[in-house]
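my_file23.csv (CSV, C-alpha atoms)
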```csv
chain,number,residue,atom,x,y,z
A,103,GLU,CA,92.3,126.1,105.1
A,104,THR,CA,95.6,125.7,106.9
A,105,GLY,CA,95.5,124.5,110.5
A,106,VAL,CA,97.6,125.6,113.5
A,107,THR,CA,101.2,124.6,113.2
A,108,GLN,CA,103.9,124.7,115.9
A,109,SER,CA,107.7,124.3,115.9
A,110,PRO,CA,109.7,122.6,117.0
A,111,THR,CA,107.9,119.3,117.8
A,112,HIS,CA,110.3,118.3,120.5
A,113,LEU,CA,113.0,120.2,122.4
A,114,ILE,CA,115.5,119.3,125.1
A,115,LYS,CA,117.1,122.1,127.2
A,116,THR,CA,119.0,122.3,130.4
A,117,ARG,CA,118.1,124.2,133.5
A,118,GLY,CA,118.8,128.0,133.2
A,119,GLN,CA,118.7,128.1,129.4
A,120,GLN,CA,116.2,130.0,127.3
A,121,VAL,CA,113.8,128.7,124.8
A,122,THR,CA,111.6,130.1,122.0
A,123,LEU,CA,108.6,128.2,120.7
A,124,ARG,CA,106.7,129.2,117.5
A,125,CYS,CA,103.1,129.0,116.3
A,126,SER,CA,101.4,129.8,113.1
A,127,SER,CA,97.7,130.5,113.5
A,128,GLN,CA,94.9,129.0,111.4
A,129,SER,CA,94.0,131.2,108.4
A,130,GLY,CA,91.4,133.8,109.2
A,131,HIS,CA,92.2,133.7,113.0
A,132,ASN,CA,93.5,136.8,114.7
A,133,THR,CA,93.9,135.6,118.3
A,134,VAL,CA,96.5,133.3,119.7
A,135,SER,CA,96.6,131.7,123.1
A,136,TRP,CA,99.4,129.6,124.7
A,137,TYR,CA,98.8,126.8,127.2
A,138,GLN,CA,101.1,124.6,129.3
A,139,GLN,CA,100.0,121.0,129.8
A,140,ALA,CA,101.8,118.9,132.4
A,141,LEU,CA,101.5,115.1,132.2
A,142,GLY,CA,98.1,113.9,133.5
A,143,GLN,CA,96.6,117.4,133.7
A,144,GLY,CA,94.5,119.7,131.5
A,145,PRO,CA,96.0,122.7,129.7
A,146,GLN,CA,96.8,125.7,131.9
A,147,PHE,CA,96.4,129.2,130.3
A,148,ILE,CA,99.6,131.1,130.0
A,149,PHE,CA,98.5,134.2,128.0
A,150,GLN,CA,96.6,135.4,124.9
A,151,TYR,CA,97.6,137.8,122.1
A,152,TYR,CA,95.1,139.8,120.1
A,153,ARG,CA,96.1,142.4,117.6
A,154,GLU,CA,99.8,142.0,118.6
A,155,GLU,CA,99.0,142.9,122.3
A,156,GLU,CA,98.8,140.7,125.4
A,157,ASN,CA,95.1,140.2,126.2
A,158,GLY,CA,94.9,138.2,129.4
A,159,ARG,CA,97.5,136.3,131.4
A,160,GLY,CA,97.4,133.3,133.6
A,161,ASN,CA,99.3,132.5,136.8
A,162,PHE,CA,102.7,132.3,135.2
A,163,PRO,CA,105.9,134.3,136.1
A,164,PRO,CA,107.3,137.1,134.0
A,165,ARG,CA,110.0,134.8,132.6
A,166,PHE,CA,107.2,133.5,130.4
A,167,SER,CA,106.8,136.1,127.6
A,168,GLY,CA,105.4,136.3,124.2
A,169,LEU,CA,104.9,138.1,120.9
A,170,GLN,CA,102.4,138.2,118.1
A,171,PHE,CA,103.3,139.3,114.7
A,172,PRO,CA,101.3,141.2,112.0
A,173,ASN,CA,100.5,137.9,110.2
A,174,TYR,CA,99.0,136.7,113.6
A,175,SER,CA,101.8,134.1,114.1
A,176,SER,CA,103.2,134.1,117.7
A,177,GLU,CA,106.2,133.2,119.8
A,178,LEU,CA,106.4,131.9,123.4
A,179,ASN,CA,109.7,132.7,125.2
A,180,VAL,CA,110.7,131.1,128.4
A,181,ASN,CA,113.8,132.4,130.3
A,182,ALA,CA,115.8,130.7,133.1
A,183,LEU,CA,114.3,127.3,132.5
A,184,GLU,CA,113.4,125.2,135.5
A,185,LEU,CA,112.8,121.5,135.7
A,186,ASP,CA,109.1,122.1,136.3
A,187,ASP,CA,108.8,123.8,132.9
A,188,SER,CA,108.9,120.4,131.3
A,189,ALA,CA,105.6,120.0,129.6
A,190,LEU,CA,103.6,120.0,126.4
A,191,TYR,CA,103.2,123.6,125.2
A,192,LEU,CA,100.1,124.2,123.1
A,193,CYS,CA,99.2,127.1,120.9
A,194,ALA,CA,95.5,127.7,120.0
A,195,SER,CA,94.1,130.2,117.5
A,196,SER,CA,90.7,131.6,117.4
A,197,ARG,CA,88.5,134.3,115.7
A,198,ARG,CA,86.8,136.7,118.1
A,199,LEU,CA,83.1,136.2,118.0
A,200,ALA,CA,80.6,137.5,120.5
A,201,GLY,CA,80.0,134.9,123.2
A,202,TYR,CA,82.5,132.4,121.8
A,203,ASN,CA,86.0,131.4,122.6
A,204,GLU,CA,86.2,128.5,120.1
A,205,GLN,CA,89.9,127.6,119.9
A,206,PHE,CA,91.7,125.3,117.5
A,207,PHE,CA,94.9,123.8,118.8
A,208,GLY,CA,98.2,122.9,117.2
A,209,PRO,CA,100.0,119.6,117.8
A,210,GLY,CA,102.1,121.1,120.6
A,211,THR,CA,105.8,121.3,121.4
A,212,ARG,CA,107.2,118.8,123.9
A,213,LEU,CA,109.8,120.6,126.1
A,214,THR,CA,112.0,118.6,128.3
A,215,VAL,CA,114.2,120.4,130.8
A,216,LEU,CA,117.1,118.4,132.3
B,62,THR,CA,89.3,131.4,140.4
B,63,GLN,CA,87.1,129.4,138.1
B,64,LEU,CA,87.6,125.6,138.3
B,65,LEU,CA,86.2,122.8,136.2
B,66,GLU,CA,86.0,119.3,137.7
B,67,GLN,CA,85.7,116.3,135.4
B,68,SER,CA,84.5,112.9,136.4
B,69,PRO,CA,85.3,110.1,136.3
B,70,GLN,CA,89.1,110.6,136.0
B,71,PHE,CA,89.5,107.2,134.3
B,72,LEU,CA,86.9,105.0,132.5
B,73,SER,CA,87.6,101.6,130.9
B,74,ILE,CA,84.7,99.9,129.1
B,75,GLN,CA,84.0,97.3,126.5
B,76,GLU,CA,83.1,98.1,122.9
B,77,GLY,CA,79.4,98.6,122.5
B,78,GLU,CA,78.7,100.0,126.0
B,79,ASN,CA,77.3,103.4,126.7
B,80,LEU,CA,79.0,106.0,128.9
B,81,THR,CA,78.6,109.5,130.3
B,82,VAL,CA,81.3,111.8,131.5
B,83,TYR,CA,80.7,115.0,133.5
B,84,CYS,CA,82.1,118.5,133.7
B,85,ASN,CA,81.1,120.5,136.8
B,86,SER,CA,81.8,124.0,138.1
B,87,SER,CA,80.5,126.5,140.6
B,88,SER,CA,81.1,129.2,138.1
B,89,VAL,CA,78.9,130.3,135.1
B,90,PHE,CA,80.5,130.2,131.7
B,91,SER,CA,79.2,131.9,128.5
B,92,SER,CA,80.4,129.0,126.5
B,93,LEU,CA,81.8,125.5,127.0
B,94,GLN,CA,83.8,123.4,124.7
B,95,TRP,CA,84.6,119.7,124.6
B,96,TYR,CA,87.8,118.4,123.2
B,97,ARG,CA,89.4,115.0,122.5
B,98,GLN,CA,93.1,114.6,122.9
B,99,GLU,CA,95.3,111.7,121.9
B,100,PRO,CA,98.8,111.1,123.5
B,101,GLY,CA,101.4,113.6,122.3
B,102,GLU,CA,98.9,115.6,120.2
B,103,GLY,CA,96.9,118.8,120.7
B,104,PRO,CA,93.2,118.8,121.7
B,105,VAL,CA,90.7,118.5,118.8
B,106,LEU,CA,87.5,120.5,119.2
B,107,LEU,CA,84.4,118.4,119.2
B,108,VAL,CA,81.6,120.9,120.1
B,109,THR,CA,80.8,124.3,121.6
B,110,VAL,CA,77.7,124.9,123.6
B,111,VAL,CA,76.5,128.3,124.6
B,112,THR,CA,72.8,128.2,125.6
B,113,GLY,CA,71.7,126.9,129.0
B,114,GLY,CA,69.9,123.5,128.4
B,115,GLU,CA,71.3,123.2,125.0
B,116,VAL,CA,71.8,119.6,123.6
B,117,LYS,CA,74.0,118.9,120.6
B,118,LYS,CA,74.5,115.6,118.8
B,119,LEU,CA,77.6,114.6,116.9
B,120,LYS,CA,76.9,111.1,115.5
B,121,ARG,CA,77.1,108.8,118.6
B,122,LEU,CA,78.1,111.7,120.9
B,123,THR,CA,75.5,113.8,122.8
B,124,PHE,CA,76.6,116.9,124.6
B,125,GLN,CA,74.4,118.8,127.1
B,126,PHE,CA,74.9,122.2,128.7
B,127,GLY,CA,73.3,122.7,132.1
B,128,ASP,CA,70.4,125.1,132.5
B,129,ALA,CA,72.5,127.3,134.7
B,130,ARG,CA,75.6,127.1,132.4
B,131,LYS,CA,77.7,125.7,135.2
B,132,ASP,CA,78.0,122.1,134.1
B,133,SER,CA,78.0,119.8,131.1
B,134,SER,CA,77.9,116.2,130.1
B,135,LEU,CA,79.1,114.0,127.2
B,136,HIS,CA,77.2,110.8,126.5
B,137,ILE,CA,78.7,108.3,124.0
B,138,THR,CA,76.4,105.5,122.7
B,139,ALA,CA,77.8,102.2,121.6
B,140,ALA,CA,81.4,103.1,122.3
B,141,GLN,CA,84.1,102.0,119.8
B,142,PRO,CA,87.9,101.5,120.3
B,143,GLY,CA,88.4,104.7,118.1
B,144,ASP,CA,86.7,106.7,120.9
B,145,THR,CA,89.7,106.0,123.2
B,146,GLY,CA,91.3,109.2,124.3
B,147,LEU,CA,91.4,112.1,126.8
B,148,TYR,CA,88.2,114.1,126.9
B,149,LEU,CA,88.6,117.6,128.1
B,150,CYS,CA,86.0,120.3,128.8
B,151,ALA,CA,86.9,124.0,128.7
B,152,GLY,CA,84.8,127.0,129.9
B,153,ALA,CA,85.1,130.5,128.7
B,154,ASN,CA,83.6,133.9,129.3
B,155,THR,CA,83.1,136.6,126.7
B,156,ASN,CA,86.2,138.8,126.3
B,157,ALA,CA,87.9,137.1,129.2
B,158,GLY,CA,90.7,136.1,126.9
B,159,LYS,CA,91.2,132.6,128.2
B,160,SER,CA,89.6,129.1,128.6
B,161,THR,CA,89.7,127.2,131.8
B,162,PHE,CA,90.2,123.5,131.3
B,163,GLY,CA,89.4,120.5,133.5
B,164,ASP,CA,91.9,117.7,133.9
B,165,GLY,CA,90.0,115.4,131.6
B,166,THR,CA,88.5,112.0,131.6
B,167,THR,CA,90.8,109.2,130.1
B,168,LEU,CA,88.5,106.8,128.2
B,169,THR,CA,89.7,103.4,127.1
B,170,VAL,CA,87.4,101.3,125.0
B,171,LYS,CA,88.4,97.7,124.7
B,172,PRO,CA,87.6,95.6,121.6
```

Could you take the file, read its structure, and then write that structure out as structure tokens?
Amino acid sequence: ETGVTQSPTHLIKTRGQQVTLRCSSQSGHNTVSWYQQALGQGPQFIFQYYREEENGRGNFPPRFSGLQFPNYSSELNVNALELDDSALYLCASSRRLAGYNEQFFGPGTRLTVL
Amino acid sequence: TQLLEQSPQFLSIQEGENLTVYCNSSSVFSSLQWYRQEPGEGPVLLVTVVTGGEVKKLKRLTFQFGDARKDSSLHITAAQPGDTGLYLCAGANTNAGKSTFGDGTTLTVKP
């Protein structure tokens, strides 16, 4: 069974640029969620994709957008990068089960905005 | 807004000691997960609890879900240096589409 993978591992961008982060979900999982984790804090929910549609969104501006593909992989796009966007971006995949939201995380992408 | 508060924020103990960390909320969750995260890596799922009062054991780790499904605890017996890490709890509700995380407890176990 293949786990969740993310690319790239690290990324350095400058303020105002755009970035795309990628995630491949664990085999058998149809739901992908993205989280932002700032240093010293817990992950903050950005949004979730299920069957290629956004299924819930956290308190993030529209410049954070995403996609899910038919093979359940996903992208996170961030436009007009700001310094505060520097964080570890985590992708988590899950399989919808009644009463559960058991998510399995990838290793993350460390984004630094200068 | 659902919030999860974890305590203590930091914990430093000697190898062989026992410890308990807590995860509290004013909101009810249908399930709660505990994760362990090492620096620069993604969280690793330890356990999911779904029933009020449920107790689950994973070797030296014991997890309990409160009767009202608003709080949880993680007890580690005879801690080892390999237990060092950030312990995160996350609550979820059915079909809500997201998990709410606490800010974690950073545990350091000294040999």

Excluding A:Arg124 and any residue of its chain fewer than 4 positions from it, enumerate the residues within 12 Å of it, using all atoms listed in the file, and give them as a PyMOL selection string.
chain A and resi 106-112+134-136+168-171+174-180+191-194+208-211

Tell me, in Å to one decimal, how far atom CA of A:Asn173 is from atom CA of B:Val110.
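It comes out at 29.5 Å.
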
Contacts from chain A to chain B, 8 Å maximum, all atoms listed in the file: show me the residue list as a list in words.
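Interface list for chain A against chain B: Ser135, Gly142, Gln143, Gly144, Pro145, Gln146, Phe147, Phe149, Gln150, Asn157, Gly158, Arg159, Leu190, Leu192, Ala200, Gly201, Tyr202, Asn203, Glu204, Gln205, Phe206, Phe207, Gly208, Pro209, Gly210 and Arg212 of chain A.
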
For the selection just defined, write its residues with C-alpha atoms to a file, as a PDB file, in the coordinates of the input.
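Written output follows (again00.pdb):
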```pdb
ATOM      1  CA  SER A 135      96.600 131.700 123.100  1.00  0.00           C
ATOM      2  CA  GLY A 142      98.100 113.900 133.500  1.00  0.00           C
ATOM      3  CA  GLN A 143      96.600 117.400 133.700  1.00  0.00           C
ATOM      4  CA  GLY A 144      94.500 119.700 131.500  1.00  0.00           C
ATOM      5  CA  PRO A 145      96.000 122.700 129.700  1.00  0.00           C
ATOM      6  CA  GLN A 146      96.800 125.700 131.900  1.00  0.00           C
ATOM      7  CA  PHE A 147      96.400 129.200 130.300  1.00  0.00           C
ATOM      8  CA  PHE A 149      98.500 134.200 128.000  1.00  0.00           C
ATOM      9  CA  GLN A 150      96.600 135.400 124.900  1.00  0.00           C
ATOM     10  CA  ASN A 157      95.100 140.200 126.200  1.00  0.00           C
ATOM     11  CA  GLY A 158      94.900 138.200 129.400  1.00  0.00           C
ATOM     12  CA  ARG A 159      97.500 136.300 131.400  1.00  0.00           C
ATOM     13  CA  LEU A 190     103.600 120.000 126.400  1.00  0.00           C
ATOM     14  CA  LEU A 192     100.100 124.200 123.100  1.00  0.00           C
ATOM     15  CA  ALA A 200      80.600 137.500 120.500  1.00  0.00           C
ATOM     16  CA  GLY A 201      80.000 134.900 123.200  1.00  0.00           C
ATOM     17  CA  TYR A 202      82.500 132.400 121.800  1.00  0.00           C
ATOM     18  CA  ASN A 203      86.000 131.400 122.600  1.00  0.00           C
ATOM     19  CA  GLU A 204      86.200 128.500 120.100  1.00  0.00           C
ATOM     20  CA  GLN A 205      89.900 127.600 119.900  1.00  0.00           C
ATOM     21  CA  PHE A 206      91.700 125.300 117.500  1.00  0.00           C
ATOM     22  CA  PHE A 207      94.900 123.800 118.800  1.00  0.00           C
ATOM     23  CA  GLY A 208      98.200 122.900 117.200  1.00  0.00           C
ATOM     24  CA  PRO A 209     100.000 119.600 117.800  1.00  0.00           C
ATOM     25  CA  GLY A 210     102.100 121.100 120.600  1.00  0.00           C
ATOM     26  CA  ARG A 212     107.200 118.800 123.900  1.00  0.00           C
TER      27      ARG A 212
END
```

If I take atom CA of B:Lys118 and atom CA of A:Asn132, how far is one from the other in Å, to one decimal?
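For atom CA of B:Lys118 relative to atom CA of A:Asn132, the distance reads 28.8 Å.
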
Tell me, in Å to one decimal, how far atom CA of A:Asn181 is from atom CA of A:Tyr151.
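Calculated distance between atom CA of A:Asn181 and atom CA of A:Tyr151 is 18.9 Å.
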
Using only C-alpha atoms, which of B:Gly113, B:Asp132, B:Glu76, B:Phe71 sits nearest B:Ser88?
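Answer, going by the shortest atom-to-atom distance: B:Asp132.
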
Counting all atoms listed in the file, what is within 9 Å of B:Gly127, bar same-chain residues fewer than 4 positions away, as JSON, numbers by chain?
{"B": [112, 113, 114, 115, 131, 132, 133, 134]}

Nearest to A:Leu213 among A:Gly105, A:Ser196, A:Ala140, A:Tyr152, with distances taken over all atoms listed in the file: which residue is it?
A:Ala140

Between B:Thr169, B:Leu107, B:Asp144, B:Pro69, which has the minimum distance to B:Thr81 (counting only C-alpha atoms)?
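Counting only C-alpha atoms, the residue closest to B:Thr81 is B:Pro69.
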
Considering all atoms listed in the file, can you say which of B:Glu99, B:Gly146, B:Gln141, B:Asn79 comes closest to B:Thr123?
B:Asn79

Name the closest residue to B:Val170 among the candidates B:Val116, B:Ala140, B:Leu135, B:Val82; distances are taken between atoms, counting all atoms listed in the file.
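Using all atoms listed in the file, the shortest distance to B:Val170 belongs to B:Ala140.
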
Output stretch 182-193 of chain A with all heavy atoms present, as a PDB file, in the coordinates of the input.
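Written file, result-v8.pdb:
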```pdb
ATOM      1  N   ALA A 182     115.401 131.381 131.811  1.00  0.00           N
ATOM      2  CA  ALA A 182     115.800 130.700 133.100  1.00  0.00           C
ATOM      3  C   ALA A 182     115.010 129.467 133.319  1.00  0.00           C
ATOM      4  O   ALA A 182     114.321 129.346 134.349  1.00  0.00           O
ATOM      5  CB  ALA A 182     115.679 131.709 134.226  1.00  0.00           C
ATOM      6  N   LEU A 183     115.067 128.544 132.395  1.00  0.00           N
ATOM      7  CA  LEU A 183     114.300 127.300 132.500  1.00  0.00           C
ATOM      8  C   LEU A 183     114.459 126.570 133.772  1.00  0.00           C
ATOM      9  O   LEU A 183     115.590 126.463 134.288  1.00  0.00           O
ATOM     10  CB  LEU A 183     114.586 126.409 131.285  1.00  0.00           C
ATOM     11  CG  LEU A 183     114.012 126.829 129.942  1.00  0.00           C
ATOM     12  CD1 LEU A 183     114.662 126.042 128.814  1.00  0.00           C
ATOM     13  CD2 LEU A 183     112.505 126.659 129.933  1.00  0.00           C
ATOM     14  N   GLU A 184     113.356 126.044 134.281  1.00  0.00           N
ATOM     15  CA  GLU A 184     113.400 125.200 135.500  1.00  0.00           C
ATOM     16  C   GLU A 184     112.868 123.819 135.126  1.00  0.00           C
ATOM     17  O   GLU A 184     112.190 123.632 134.106  1.00  0.00           O
ATOM     18  CB  GLU A 184     112.464 125.852 136.552  1.00  0.00           C
ATOM     19  CG  GLU A 184     112.891 127.252 136.956  1.00  0.00           C
ATOM     20  CD  GLU A 184     111.950 127.889 137.959  1.00  0.00           C
ATOM     21  OE1 GLU A 184     110.958 127.239 138.357  1.00  0.00           O
ATOM     22  OE2 GLU A 184     112.205 129.044 138.355  1.00  0.00           O
ATOM     23  N   LEU A 185     113.185 122.865 135.986  1.00  0.00           N
ATOM     24  CA  LEU A 185     112.800 121.500 135.700  1.00  0.00           C
ATOM     25  C   LEU A 185     111.274 121.363 135.542  1.00  0.00           C
ATOM     26  O   LEU A 185     110.790 120.605 134.688  1.00  0.00           O
ATOM     27  CB  LEU A 185     113.267 120.557 136.836  1.00  0.00           C
ATOM     28  CG  LEU A 185     114.778 120.443 137.026  1.00  0.00           C
ATOM     29  CD1 LEU A 185     115.090 119.510 138.192  1.00  0.00           C
ATOM     30  CD2 LEU A 185     115.475 119.970 135.770  1.00  0.00           C
ATOM     31  N   ASP A 186     110.519 122.125 136.343  1.00  0.00           N
ATOM     32  CA  ASP A 186     109.100 122.100 136.300  1.00  0.00           C
ATOM     33  C   ASP A 186     108.467 122.654 135.020  1.00  0.00           C
ATOM     34  O   ASP A 186     107.261 122.544 134.788  1.00  0.00           O
ATOM     35  CB  ASP A 186     108.446 122.800 137.498  1.00  0.00           C
ATOM     36  CG  ASP A 186     108.585 121.989 138.774  1.00  0.00           C
ATOM     37  OD1 ASP A 186     108.946 120.796 138.667  1.00  0.00           O
ATOM     38  OD2 ASP A 186     108.344 122.540 139.863  1.00  0.00           O
ATOM     39  N   ASP A 187     109.305 123.268 134.188  1.00  0.00           N
ATOM     40  CA  ASP A 187     108.800 123.800 132.900  1.00  0.00           C
ATOM     41  C   ASP A 187     108.652 122.688 131.881  1.00  0.00           C
ATOM     42  O   ASP A 187     108.112 122.916 130.793  1.00  0.00           O
ATOM     43  CB  ASP A 187     109.768 124.862 132.359  1.00  0.00           C
ATOM     44  CG  ASP A 187     109.839 126.095 133.240  1.00  0.00           C
ATOM     45  OD1 ASP A 187     108.850 126.377 133.965  1.00  0.00           O
ATOM     46  OD2 ASP A 187     110.882 126.781 133.211  1.00  0.00           O
ATOM     47  N   SER A 188     109.124 121.497 132.189  1.00  0.00           N
ATOM     48  CA  SER A 188     108.900 120.400 131.300  1.00  0.00           C
ATOM     49  C   SER A 188     107.463 120.081 131.120  1.00  0.00           C
ATOM     50  O   SER A 188     106.749 119.824 132.101  1.00  0.00           O
ATOM     51  CB  SER A 188     109.649 119.122 131.854  1.00  0.00           C
ATOM     52  OG  SER A 188     111.046 119.300 131.903  1.00  0.00           O
ATOM     53  N   ALA A 189     106.988 120.139 129.866  1.00  0.00           N
ATOM     54  CA  ALA A 189     105.600 120.000 129.600  1.00  0.00           C
ATOM     55  C   ALA A 189     105.318 120.022 128.106  1.00  0.00           C
ATOM     56  O   ALA A 189     106.236 120.250 127.321  1.00  0.00           O
ATOM     57  CB  ALA A 189     104.769 121.129 130.267  1.00  0.00           C
ATOM     58  N   LEU A 190     104.060 119.820 127.733  1.00  0.00           N
ATOM     59  CA  LEU A 190     103.600 120.000 126.400  1.00  0.00           C
ATOM     60  C   LEU A 190     103.093 121.444 126.258  1.00  0.00           C
ATOM     61  O   LEU A 190     102.203 121.830 127.021  1.00  0.00           O
ATOM     62  CB  LEU A 190     102.523 119.016 125.997  1.00  0.00           C
ATOM     63  CG  LEU A 190     101.969 119.074 124.575  1.00  0.00           C
ATOM     64  CD1 LEU A 190     103.031 118.664 123.554  1.00  0.00           C
ATOM     65  CD2 LEU A 190     100.725 118.196 124.428  1.00  0.00           C
ATOM     66  N   TYR A 191     103.642 122.235 125.356  1.00  0.00           N
ATOM     67  CA  TYR A 191     103.200 123.600 125.200  1.00  0.00           C
ATOM     68  C   TYR A 191     102.311 123.681 123.941  1.00  0.00           C
ATOM     69  O   TYR A 191     102.720 123.332 122.836  1.00  0.00           O
ATOM     70  CB  TYR A 191     104.402 124.562 125.062  1.00  0.00           C
ATOM     71  CG  TYR A 191     105.066 124.745 126.401  1.00  0.00           C
ATOM     72  CD1 TYR A 191     106.019 123.829 126.847  1.00  0.00           C
ATOM     73  CD2 TYR A 191     104.690 125.784 127.242  1.00  0.00           C
ATOM     74  CE1 TYR A 191     106.595 123.964 128.106  1.00  0.00           C
ATOM     75  CE2 TYR A 191     105.262 125.925 128.496  1.00  0.00           C
ATOM     76  CZ  TYR A 191     106.206 125.005 128.926  1.00  0.00           C
ATOM     77  OH  TYR A 191     106.764 125.129 130.168  1.00  0.00           O
ATOM     78  N   LEU A 192     101.100 124.155 124.172  1.00  0.00           N
ATOM     79  CA  LEU A 192     100.100 124.200 123.100  1.00  0.00           C
ATOM     80  C   LEU A 192      99.758 125.613 122.733  1.00  0.00           C
ATOM     81  O   LEU A 192      99.630 126.483 123.572  1.00  0.00           O
ATOM     82  CB  LEU A 192      98.804 123.507 123.646  1.00  0.00           C
ATOM     83  CG  LEU A 192      98.909 122.018 123.972  1.00  0.00           C
ATOM     84  CD1 LEU A 192      97.737 121.577 124.821  1.00  0.00           C
ATOM     85  CD2 LEU A 192      98.972 121.204 122.681  1.00  0.00           C
ATOM     86  N   CYS A 193      99.620 125.791 121.435  1.00  0.00           N
ATOM     87  CA  CYS A 193      99.200 127.100 120.900  1.00  0.00           C
ATOM     88  C   CYS A 193      97.775 126.848 120.326  1.00  0.00           C
ATOM     89  O   CYS A 193      97.490 125.810 119.716  1.00  0.00           O
ATOM     90  CB  CYS A 193     100.151 127.485 119.790  1.00  0.00           C
ATOM     91  SG  CYS A 193      99.583 128.807 118.740  1.00  0.00           S
TER      92      CYS A 193
END
```
